[in-house]
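Colleague: So here's structure.txt (compact mmCIF, C-alpha atoms).
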```txt
# COMPACT_ATOMS: atom_id res chain seq x y z
CA MET A 1 -12.73 -22.99 7.83
CA LYS A 2 -16.22 -23.00 6.41
CA THR A 3 -17.20 -20.60 3.68
CA ASP A 4 -20.73 -19.57 4.52
CA SER A 5 -22.09 -16.64 2.59
CA GLY A 6 -22.49 -14.52 5.72
CA THR A 7 -18.72 -14.54 6.31
CA LEU A 8 -18.01 -13.71 2.67
CA LEU A 9 -20.49 -10.85 2.84
CA THR A 10 -18.81 -9.51 5.99
CA LEU A 11 -15.41 -9.74 4.29
CA ALA A 12 -16.71 -7.99 1.17
CA SER A 13 -18.44 -5.12 2.95
CA PHE A 14 -15.58 -4.52 5.39
CA PHE A 15 -12.86 -4.33 2.74
CA ALA A 16 -15.00 -2.37 0.27
CA VAL A 17 -15.58 0.33 2.89
CA LEU A 18 -12.00 0.15 4.15
CA SER A 19 -10.57 0.67 0.66
CA LEU A 20 -12.23 4.08 0.47
CA PHE A 21 -10.44 5.14 3.67
CA ALA A 22 -7.05 3.71 2.70
CA ILE A 23 -5.31 6.99 1.96
CA GLY A 24 -1.58 7.02 1.38
CA GLY A 25 -1.23 3.36 0.43
CA GLY A 26 -2.21 -0.03 1.81
CA ASN A 27 -0.10 0.07 4.97
CA SER A 28 -2.04 2.97 6.46
CA ALA A 29 -5.11 0.71 6.73
CA VAL A 30 -3.28 -1.97 8.78
CA PRO A 31 -4.51 -0.75 12.21
CA GLU A 32 -8.13 -0.87 11.03
CA MET A 33 -7.63 -4.39 9.59
CA HIS A 34 -6.21 -5.42 12.97
CA ARG A 35 -9.04 -3.81 14.94
CA PHE A 36 -11.73 -5.48 12.85
CA SER A 37 -10.29 -8.95 12.21
CA VAL A 38 -8.75 -9.48 15.67
CA ASP A 39 -10.75 -7.37 18.15
CA VAL A 40 -14.21 -7.31 16.53
CA GLN A 41 -14.55 -10.53 14.48
CA HIS A 42 -11.95 -12.72 16.26
CA TRP A 43 -10.95 -14.17 12.89
CA LEU A 44 -7.28 -14.14 13.89
CA THR A 45 -5.23 -13.94 17.09
CA ASP A 46 -2.72 -11.13 17.61
CA ARG A 47 0.11 -13.49 16.70
CA GLN A 48 -1.62 -14.71 13.54
CA PHE A 49 -2.21 -11.11 12.47
CA ALA A 50 1.46 -10.23 12.97
CA ASP A 51 2.43 -13.38 11.03
CA THR A 52 0.02 -12.48 8.23
CA PHE A 53 1.52 -9.02 8.00
CA ALA A 54 5.04 -10.48 7.90
CA LEU A 55 4.12 -12.96 5.14
CA ALA A 56 2.52 -10.21 3.05
CA GLN A 57 5.72 -8.16 3.39
CA LEU A 58 7.84 -11.14 2.33
CA ALA A 59 5.71 -12.00 -0.70
CA PRO A 60 6.21 -10.03 -3.92
CA GLY A 61 3.45 -7.68 -5.01
CA PRO A 62 1.70 -4.58 -3.68
CA ASN A 63 1.39 -4.20 0.11
CA LEU A 64 -2.36 -4.57 0.00
CA ILE A 65 -1.97 -8.27 -0.86
CA ILE A 66 -2.30 -8.71 2.93
CA VAL A 67 -6.04 -8.39 2.32
CA ALA A 68 -6.07 -11.62 0.29
CA LEU A 69 -4.13 -13.42 3.01
CA ILE A 70 -6.64 -12.36 5.69
CA GLY A 71 -9.47 -13.46 3.38
CA TYR A 72 -7.75 -16.81 2.78
CA HIS A 73 -7.36 -17.38 6.50
CA VAL A 74 -11.04 -16.64 7.10
CA ALA A 75 -12.68 -18.44 4.18
CA GLY A 76 -10.10 -20.15 1.94
CA VAL A 77 -9.73 -19.37 -1.77
CA ALA A 78 -13.22 -17.84 -1.97
CA GLY A 79 -12.37 -15.58 0.96
CA ALA A 80 -9.12 -14.43 -0.67
CA LEU A 81 -10.85 -13.61 -3.96
CA VAL A 82 -13.82 -11.84 -2.34
CA ALA A 83 -11.60 -9.77 -0.02
CA MET A 84 -9.26 -8.76 -2.85
CA LEU A 85 -12.09 -7.84 -5.23
CA ALA A 86 -13.77 -5.75 -2.51
CA MET A 87 -10.50 -3.98 -1.69
CA CYS A 88 -9.60 -3.26 -5.34
CA GLY A 89 -12.94 -2.91 -7.14
CA PRO A 90 -14.52 0.31 -5.85
CA THR A 91 -11.31 2.35 -5.77
CA SER A 92 -10.29 1.11 -9.23
CA VAL A 93 -13.60 2.24 -10.73
CA PHE A 94 -13.15 5.59 -8.98
CA ALA A 95 -9.56 5.92 -10.26
CA PHE A 96 -10.74 5.03 -13.77
CA PHE A 97 -13.19 7.94 -13.92
CA VAL A 98 -10.89 10.41 -12.16
CA GLY A 99 -8.09 9.42 -14.52
CA ARG A 100 -10.32 10.23 -17.49
CA ALA A 101 -11.09 13.65 -16.02
CA SER A 102 -7.63 14.26 -14.57
CA GLU A 103 -6.72 17.08 -16.95
CA ARG A 104 -9.22 19.23 -15.09
CA PHE A 105 -7.48 18.61 -11.75
CA LYS A 106 -4.08 19.81 -12.84
CA GLY A 107 -2.61 22.55 -10.68
CA SER A 108 -5.92 23.52 -9.17
CA PHE A 109 -5.87 25.30 -5.83
CA TRP A 110 -7.94 22.78 -3.90
CA HIS A 111 -5.76 19.95 -5.16
CA GLY A 112 -2.85 21.63 -3.37
CA ALA A 113 -4.81 22.05 -0.14
CA LEU A 114 -6.05 18.47 -0.42
CA SER A 115 -2.63 16.90 -0.72
CA ARG A 116 -1.08 19.26 1.88
CA GLY A 117 -3.88 18.36 4.26
CA LEU A 118 -3.56 14.63 3.69
CA VAL A 119 0.20 14.39 4.29
CA PRO A 120 0.12 14.75 8.11
CA VAL A 121 -2.83 12.34 8.35
CA THR A 122 -0.96 9.75 6.27
CA LEU A 123 2.06 10.25 8.48
CA GLY A 124 0.01 9.61 11.63
CA LEU A 125 -1.54 6.50 10.06
CA THR A 126 1.84 5.04 9.08
CA ALA A 127 3.15 5.63 12.60
CA ALA A 128 0.02 3.92 13.96
CA SER A 129 0.64 0.90 11.67
CA ALA A 130 4.19 0.60 12.95
CA ILE A 131 3.12 0.64 16.60
CA VAL A 132 0.24 -1.79 16.01
CA ILE A 133 2.54 -4.31 14.30
CA ALA A 134 5.28 -3.84 16.88
CA THR A 135 2.87 -4.46 19.75
CA THR A 136 1.02 -7.44 18.20
CA ALA A 137 4.13 -9.46 17.36
CA ASP A 138 5.14 -11.96 20.09
CA TYR A 139 7.38 -9.60 21.92
CA GLY A 140 10.67 -10.16 23.64
CA TRP A 141 13.77 -8.05 24.08
CA LEU A 142 15.36 -9.24 20.85
CA ALA A 143 12.19 -8.42 18.87
CA ALA A 144 12.23 -4.91 20.32
CA GLY A 145 15.93 -4.73 19.46
CA ILE A 146 15.27 -5.81 15.87
CA THR A 147 12.58 -3.13 15.50
CA LEU A 148 14.84 -0.41 16.88
CA GLY A 149 17.93 -1.59 15.00
CA THR A 150 16.06 -1.77 11.69
CA ALA A 151 14.50 1.66 12.26
CA LEU A 152 17.86 3.31 12.97
CA THR A 153 19.67 1.53 10.12
CA ALA A 154 16.95 2.32 7.57
CA TYR A 155 16.82 5.95 8.68
CA PHE A 156 20.52 6.58 8.13
CA VAL A 157 21.32 4.31 5.16
CA ARG A 158 19.31 2.92 2.23
CA VAL A 159 18.40 -0.65 3.10
CA HIS A 160 16.72 -3.08 0.74
CA PRO A 161 13.73 -4.49 2.68
CA LEU A 162 14.65 -8.08 1.76
CA TRP A 163 18.06 -7.75 3.46
CA ALA A 164 16.44 -6.39 6.61
CA PHE A 165 13.91 -9.25 6.57
CA ALA A 166 16.59 -11.90 5.97
CA VAL A 167 18.72 -10.69 8.89
CA ALA A 168 15.65 -10.41 11.13
CA ALA A 169 14.42 -13.90 10.18
CA LEU A 170 17.84 -15.38 11.02
CA LEU A 171 17.94 -13.52 14.34
CA GLY A 172 14.45 -14.82 15.05
CA LEU A 173 15.44 -18.35 14.10
CA SER A 174 18.36 -18.16 16.50
CA GLY A 175 15.71 -18.53 19.18
CA LEU A 176 16.38 -15.40 21.16
CA VAL A 177 13.20 -13.53 20.17
CA MET B 1 12.98 2.52 -35.48
CA SER B 2 10.84 5.05 -37.36
CA SER B 3 12.87 7.96 -38.61
CA ALA B 4 9.96 10.09 -39.84
CA PRO B 5 9.28 13.07 -37.59
CA ILE B 6 5.88 12.92 -35.95
CA PRO B 7 3.70 16.03 -36.24
CA ASP B 8 2.73 16.96 -32.72
CA SER B 9 0.80 20.18 -33.06
CA THR B 10 -2.66 18.61 -33.06
CA GLU B 11 -2.43 16.22 -30.12
CA PRO B 12 -2.24 17.15 -26.43
CA PRO B 13 1.21 16.13 -25.13
CA ALA B 14 -0.15 14.10 -22.19
CA GLN B 15 -1.78 11.65 -24.57
CA LYS B 16 1.39 10.91 -26.46
CA PRO B 17 4.10 8.55 -25.20
CA PRO B 18 7.57 10.05 -25.43
CA SER B 19 9.12 7.76 -28.04
CA SER B 20 7.56 4.30 -28.02
CA PRO B 21 4.33 3.12 -29.62
CA ALA B 22 1.40 2.59 -27.24
CA PRO B 23 1.62 -0.78 -25.45
CA THR B 24 -0.65 -3.60 -26.56
CA LEU B 25 -2.98 -5.31 -24.09
CA TRP B 26 -0.53 -8.17 -23.69
CA GLU B 27 2.36 -5.74 -23.12
CA LEU B 28 0.29 -3.98 -20.44
CA PHE B 29 -0.38 -7.28 -18.64
CA ALA B 30 3.25 -8.37 -18.86
CA ALA B 31 4.56 -4.97 -17.73
CA PHE B 32 2.44 -4.84 -14.59
CA ALA B 33 3.01 -8.52 -13.78
CA THR B 34 6.78 -7.89 -13.98
CA ILE B 35 6.57 -4.75 -11.84
CA SER B 36 4.43 -6.55 -9.30
CA LEU B 37 6.60 -9.65 -8.98
CA SER B 38 9.92 -7.80 -8.83
CA GLY B 39 8.78 -5.08 -6.45
CA PHE B 40 9.43 -6.25 -2.93
CA GLY B 41 8.38 -3.76 -0.29
CA GLY B 42 7.47 -0.96 -2.66
CA VAL B 43 6.81 -1.05 -6.36
CA LEU B 44 7.22 2.66 -7.12
CA ALA B 45 10.90 2.45 -8.04
CA TRP B 46 10.29 -0.53 -10.31
CA SER B 47 7.34 1.03 -12.10
CA ARG B 48 9.29 4.22 -12.77
CA ARG B 49 12.26 2.27 -14.13
CA MET B 50 10.10 0.32 -16.55
CA MET B 51 7.63 3.01 -17.65
CA VAL B 52 10.13 5.86 -18.04
CA GLU B 53 13.61 4.44 -18.55
CA GLU B 54 13.18 1.06 -20.26
CA ARG B 55 9.97 1.18 -22.30
CA ARG B 56 9.70 4.96 -22.60
CA TRP B 57 5.92 4.93 -22.40
CA LEU B 58 5.92 8.03 -20.19
CA THR B 59 8.16 11.07 -19.85
CA PRO B 60 9.51 11.72 -16.32
CA GLU B 61 7.05 14.63 -16.02
CA GLN B 62 4.09 12.49 -17.08
CA PHE B 63 5.13 9.83 -14.59
CA ASN B 64 5.35 12.31 -11.70
CA GLU B 65 2.01 13.89 -12.55
CA THR B 66 0.24 10.55 -12.85
CA TYR B 67 1.80 9.27 -9.66
CA ALA B 68 0.88 12.37 -7.66
CA LEU B 69 -2.72 11.93 -8.79
CA CYS B 70 -2.66 8.25 -7.72
CA ALA B 71 -1.23 9.03 -4.29
CA PHE B 72 -4.12 11.27 -3.39
CA LEU B 73 -6.86 8.94 -4.65
CA PRO B 74 -8.18 6.36 -2.15
CA GLY B 75 -6.83 2.82 -2.51
CA GLY B 76 -3.38 1.42 -3.23
CA ASN B 77 -1.15 3.87 -5.12
CA ILE B 78 0.21 1.34 -7.58
CA LEU B 79 -3.26 -0.13 -8.12
CA ASN B 80 -4.59 3.32 -9.07
CA PHE B 81 -1.53 3.82 -11.25
CA SER B 82 -2.21 0.60 -13.17
CA VAL B 83 -5.86 1.61 -13.72
CA ILE B 84 -5.04 5.09 -14.98
CA PHE B 85 -2.04 4.00 -17.05
CA GLY B 86 -3.95 1.11 -18.64
CA SER B 87 -6.96 3.24 -19.47
CA ARG B 88 -4.88 6.06 -20.99
CA PHE B 89 -3.53 3.68 -23.64
CA ARG B 90 -6.25 1.06 -24.11
CA GLY B 91 -9.42 2.29 -22.40
CA ALA B 92 -11.42 0.12 -20.00
CA ALA B 93 -9.92 -3.11 -21.39
CA GLY B 94 -6.45 -1.68 -20.80
CA ALA B 95 -7.30 -0.81 -17.20
CA LEU B 96 -8.68 -4.31 -16.56
CA VAL B 97 -5.67 -6.03 -18.11
CA ALA B 98 -3.19 -3.84 -16.20
CA VAL B 99 -4.94 -4.59 -12.87
CA ALA B 100 -5.04 -8.31 -13.72
CA GLY B 101 -1.30 -8.23 -14.40
CA LEU B 102 -0.61 -6.35 -11.17
CA MET B 103 -2.81 -8.40 -8.83
CA GLY B 104 -3.21 -11.81 -10.50
CA PRO B 105 0.25 -13.37 -10.08
CA PRO B 106 0.81 -12.15 -6.49
CA LEU B 107 -2.72 -13.28 -5.61
CA LEU B 108 -1.92 -16.84 -6.75
CA LEU B 109 1.37 -16.77 -4.85
CA ILE B 110 -0.17 -15.44 -1.64
CA MET B 111 -2.79 -18.20 -1.63
CA ILE B 112 0.01 -20.77 -1.79
CA VAL B 113 1.69 -18.91 1.09
CA GLY B 114 -1.61 -18.98 3.00
CA ALA B 115 -1.97 -22.73 2.49
CA LEU B 116 1.62 -23.32 3.66
CA TYR B 117 1.04 -21.12 6.71
CA ALA B 118 -2.12 -23.06 7.60
CA HIS B 119 -0.01 -26.25 7.70
CA TYR B 120 3.30 -25.04 9.10
CA GLY B 121 2.44 -21.78 10.88
CA ASP B 122 2.60 -23.38 14.32
CA LEU B 123 6.14 -24.74 13.96
CA PRO B 124 8.31 -22.89 16.51
CA ALA B 125 11.01 -22.13 13.91
CA VAL B 126 8.47 -20.59 11.51
CA ARG B 127 6.90 -18.55 14.29
CA ARG B 128 10.25 -17.19 15.43
CA MET B 129 11.29 -16.21 11.90
CA LEU B 130 7.97 -14.47 11.25
CA THR B 131 8.20 -12.59 14.54
CA GLY B 132 11.65 -11.40 13.45
CA VAL B 133 10.30 -10.26 10.06
CA ALA B 134 7.28 -8.48 11.60
CA SER B 135 9.62 -6.67 14.01
CA ALA B 136 11.87 -5.57 11.16
CA ALA B 137 8.85 -4.44 9.10
CA ALA B 138 7.68 -2.31 12.03
CA GLY B 139 11.18 -0.82 12.19
CA LEU B 140 11.17 -0.02 8.46
CA MET B 141 7.85 1.79 8.86
CA MET B 142 9.25 3.80 11.77
CA ALA B 143 12.17 4.91 9.59
CA THR B 144 9.70 5.92 6.86
CA VAL B 145 7.71 7.92 9.39
CA ALA B 146 10.85 9.68 10.60
CA LYS B 147 11.84 10.60 7.03
CA MET B 148 8.32 11.80 6.16
CA ALA B 149 8.18 13.86 9.35
CA ARG B 150 11.29 15.94 8.65
CA PRO B 151 9.73 18.46 6.20
CA LEU B 152 6.70 18.72 8.49
CA PHE B 153 8.79 19.96 11.39
CA ARG B 154 10.62 22.46 9.21
CA ASP B 155 7.45 24.59 9.21
CA SER B 156 7.31 27.07 12.05
CA SER B 157 3.70 26.04 12.69
CA VAL B 158 2.86 23.17 15.05
CA ILE B 159 -0.50 22.45 13.41
CA ARG B 160 0.60 19.77 10.93
CA PRO B 161 2.75 17.82 13.45
CA ALA B 162 -0.19 18.07 15.86
CA ILE B 163 -2.56 16.56 13.27
CA ALA B 164 -0.12 13.69 12.68
CA LEU B 165 0.16 13.13 16.43
CA VAL B 166 -3.62 13.15 17.01
CA THR B 167 -4.10 10.65 14.15
CA PHE B 168 -1.38 8.41 15.60
CA VAL B 169 -2.84 8.44 19.13
CA ALA B 170 -6.44 7.86 17.99
CA ILE B 171 -5.60 4.96 15.63
CA GLY B 172 -2.39 3.48 17.02
CA LEU B 173 -2.90 3.79 20.78
CA LEU B 174 -6.65 4.18 21.37
CA HIS B 175 -7.60 1.81 18.47
CA TRP B 176 -10.55 3.92 17.39
CA PRO B 177 -12.34 2.98 14.13
CA LEU B 178 -10.59 4.44 11.08
CA PRO B 179 -13.68 5.82 9.25
CA LEU B 180 -14.77 7.79 12.35
CA VAL B 181 -11.31 9.25 12.94
CA LEU B 182 -10.82 10.19 9.29
CA ALA B 183 -14.30 11.71 9.05
CA VAL B 184 -13.18 14.26 11.65
CA ILE B 185 -9.45 14.70 11.06
CA VAL B 186 -9.38 14.88 7.24
CA PRO B 187 -11.80 17.81 6.84
CA VAL B 188 -10.04 19.65 9.69
CA SER B 189 -6.60 19.08 8.16
CA ILE B 190 -7.64 20.03 4.63
CA GLY B 191 -9.51 23.05 5.94
CA ILE B 192 -6.41 24.30 7.77
CA ALA B 193 -4.23 23.67 4.69
CA TRP B 194 -6.75 25.59 2.57
CA VAL B 195 -6.77 28.62 4.87
CA ARG B 196 -2.99 28.70 5.25
CA VAL B 197 -1.87 28.14 1.65
```
Would you mind giving the structure from this file in structure tokens?

Modeller:
Amino acid sequence: MKTDSGTLLTLASFFAVLSLFAIGGGNSAVPEMHRFSVDVQHWLTDRQFADTFALAQLAPGPNLIIVALIGYHVAGVAGALVAMLAMCGPTSVFAFFVGRASERFKGSFWHGALSRGLVPVTLGLTAASAIVIATTADYGWLAAGITLGTALTAYFVRVHPLWAFAVAALLGLSGLV
Amino acid sequence: MSSAPIPDSTEPPAQKPPSSPAPTLWELFAAFATISLSGFGGVLAWSRRMMVEERRWLTPEQFNETYALCAFLPGGNILNFSVIFGSRFRGAAGALVAVAGLMGPPLLLIMIVGALYAHYGDLPAVRRMLTGVASAAAGLMMATVAKMARPLFRDSSVIRPAIALVTFVAIGLLHWPLPLVLAVIVPVSIGIAWVRV
């Protein structure tokens, strides 16, 4: 784990660009994080990526904290800070200026078309995240069962994520996954 | 506390909190740190509870409007919310402090988690538990997708489900780069929504 400036620069530029394409929340960018950090850069294995995602879900805080965990894995504390700053900085500056001007956006026609147009794309991205995580985790029949069982339960009743994670962790610990 | 009626004819209503005084910088930091650390798997519900119900810094309408704006901006929704909320009350310093409150404490925690994982990540028990959690998280996302998809399929048109499906196949199955896919699909989708509104 050496923190040469080339790696930090790669982290910074990747996450800065990615943040601008992260529409509909942090989870929609998960497939792209996987593609780049596993397939392109070989920073993590499939299993490590699935673990990283699971840890970020377990930890309190916004979903995009996964970015700091990837950065930490690649380049320690410096990597975590650089990745997080790159992911949050540009979009925060953008939000700051849009927020100041937001009165002008209210109820405008193109705002309606914009959000209507983005909903199906966000939906497709979230579905892609689910399939990428499901297929990168070390898979066995019980893991597939946990995914399906959680999906069905959460669709029909309100489930607190922590309860789902606790049950799944215990099932995993039982050694059948 | 104050019983004197506040004259409200001169100020725009969006600038004025419903009944509480504007939060100080420290209150902004503490509020977003609390929201961040108590919000497992989704901080929206927590932020609404604090901003609207407990502290009364926003009316329900103001909250919905601000949140809708944040959801369509690039970047994390709650991150954008902290920036806009902080800047409304305390300008650039308020935005910075709100973001620091939102991201600072979880960032410290996640680095501890990262260090622990570097040491213990290869233990079979840890690996099995994390595989279980990742599987459950994938399941939760599938349920979210199914719920989000319902209003889409209520339309008679197949265009919006088709756009969702194309995005899913390109990103989830073919693993194409996100910027390339979005550069094509977003203008197409917005264009269709524009024409059909």

Colleague: Using only C-alpha atoms, find which residues of chain B lie within 6 Å of chain A and jot them down as an NGL selection string.

Modeller: :B and (36-37 or 40 or 74-77 or 80 or 83-84 or 106 or 125 or 128-136 or 138-143 or 160 or 164-165 or 167-168 or 171-172 or 178 or 189-190 or 193-194)

Colleague: When you look at Leu25 in chain B with a cut-off of 7 Å (counting only C-alpha atoms), what residues show up, excluding the ones that are within fewer than 4 positions of it in the same chain? I need them as a CSV table (one decimal) with C-alpha atoms, in the coordinates of the input.

Modeller:
```csv
chain,number,residue,atom,x,y,z
B,29,PHE,CA,-0.4,-7.3,-18.6
B,94,GLY,CA,-6.4,-1.7,-20.8
B,97,VAL,CA,-5.7,-6.0,-18.1
```

Colleague: Around all the atoms of range 131-144 of chain B listed in the file, draw an axis-aligned box and extend it by 5 Å on each of the six sides; I want its centre and edge lengths in Å to one decimal, as AutoDock Vina command-line options.

Modeller:
```
--center_x 9.7 --center_y -3.3 --center_z 10.7 --size_x 14.9 --size_y 28.5 --size_z 17.7
```

Colleague: Residues near range 5-14 of chain A, anyone? I mean within 6 Å using all atoms listed in the file, not counting same-chain ones fewer than 5 positions away, as a list in words.

Modeller: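 Final neighbour list, sorted by chain and number: Val82, Ala83 and Ala86 of chain A.
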
Colleague: So that I have them on file, write out the residues from the current selection with C-alpha atoms, as an mmCIF file, keeping the file's coordinate frame.

Modeller:
```
data_model
loop_
_atom_site.group_PDB
_atom_site.id
_atom_site.type_symbol
_atom_site.label_atom_id
_atom_site.label_comp_id
_atom_site.auth_asym_id
_atom_site.auth_seq_id
_atom_site.Cartn_x
_atom_site.Cartn_y
_atom_site.Cartn_z
ATOM 1 C CA VAL A 82 -13.820 -11.840 -2.340
ATOM 2 C CA ALA A 83 -11.600 -9.770 -0.020
ATOM 3 C CA ALA A 86 -13.770 -5.750 -2.510
#
```

Colleague: In terms of the shortest atom-to-atom distance over all atoms listed in the file, which of B:Ser87, B:Ser82, B:Asn64, B:Thr34 is closest to Ala22 in chain B?

Modeller: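 Smallest distance to Ala22 in chain B is found for B:Ser87.
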
Colleague: Given the choices B:Met148, B:Leu182, B:Ala33, B:Glu61, which gets closest to Leu108 in chain B if the distance is worked out from only C-alpha atoms?

Modeller: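 For Leu108 in chain B, the nearest of the candidates is B:Ala33.
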
Colleague: Please, what distance in Å, to one decimal, runs between CA of Met103 in chain B and CA of Val38 in chain A?

Modeller: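 Atom-to-atom, CA of Met103 in chain B to CA of Val38 in chain A, that is 25.2 Å.
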
Colleague: Please report the interatomic distance between CA of Pro23 in chain B and CA of Phe72 in chain B in Å with one decimal.

Modeller: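 Value for the CA of Pro23 in chain B-CA of Phe72 in chain B distance: 25.8 Å.
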
Colleague: Using Å and a single decimal, report how far CA of Phe63 in chain B sits from CA of Arg88 in chain B.

Modeller: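 Computed distance, CA of Arg88 in chain B to CA of Phe63 in chain B, equals 12.5 Å.
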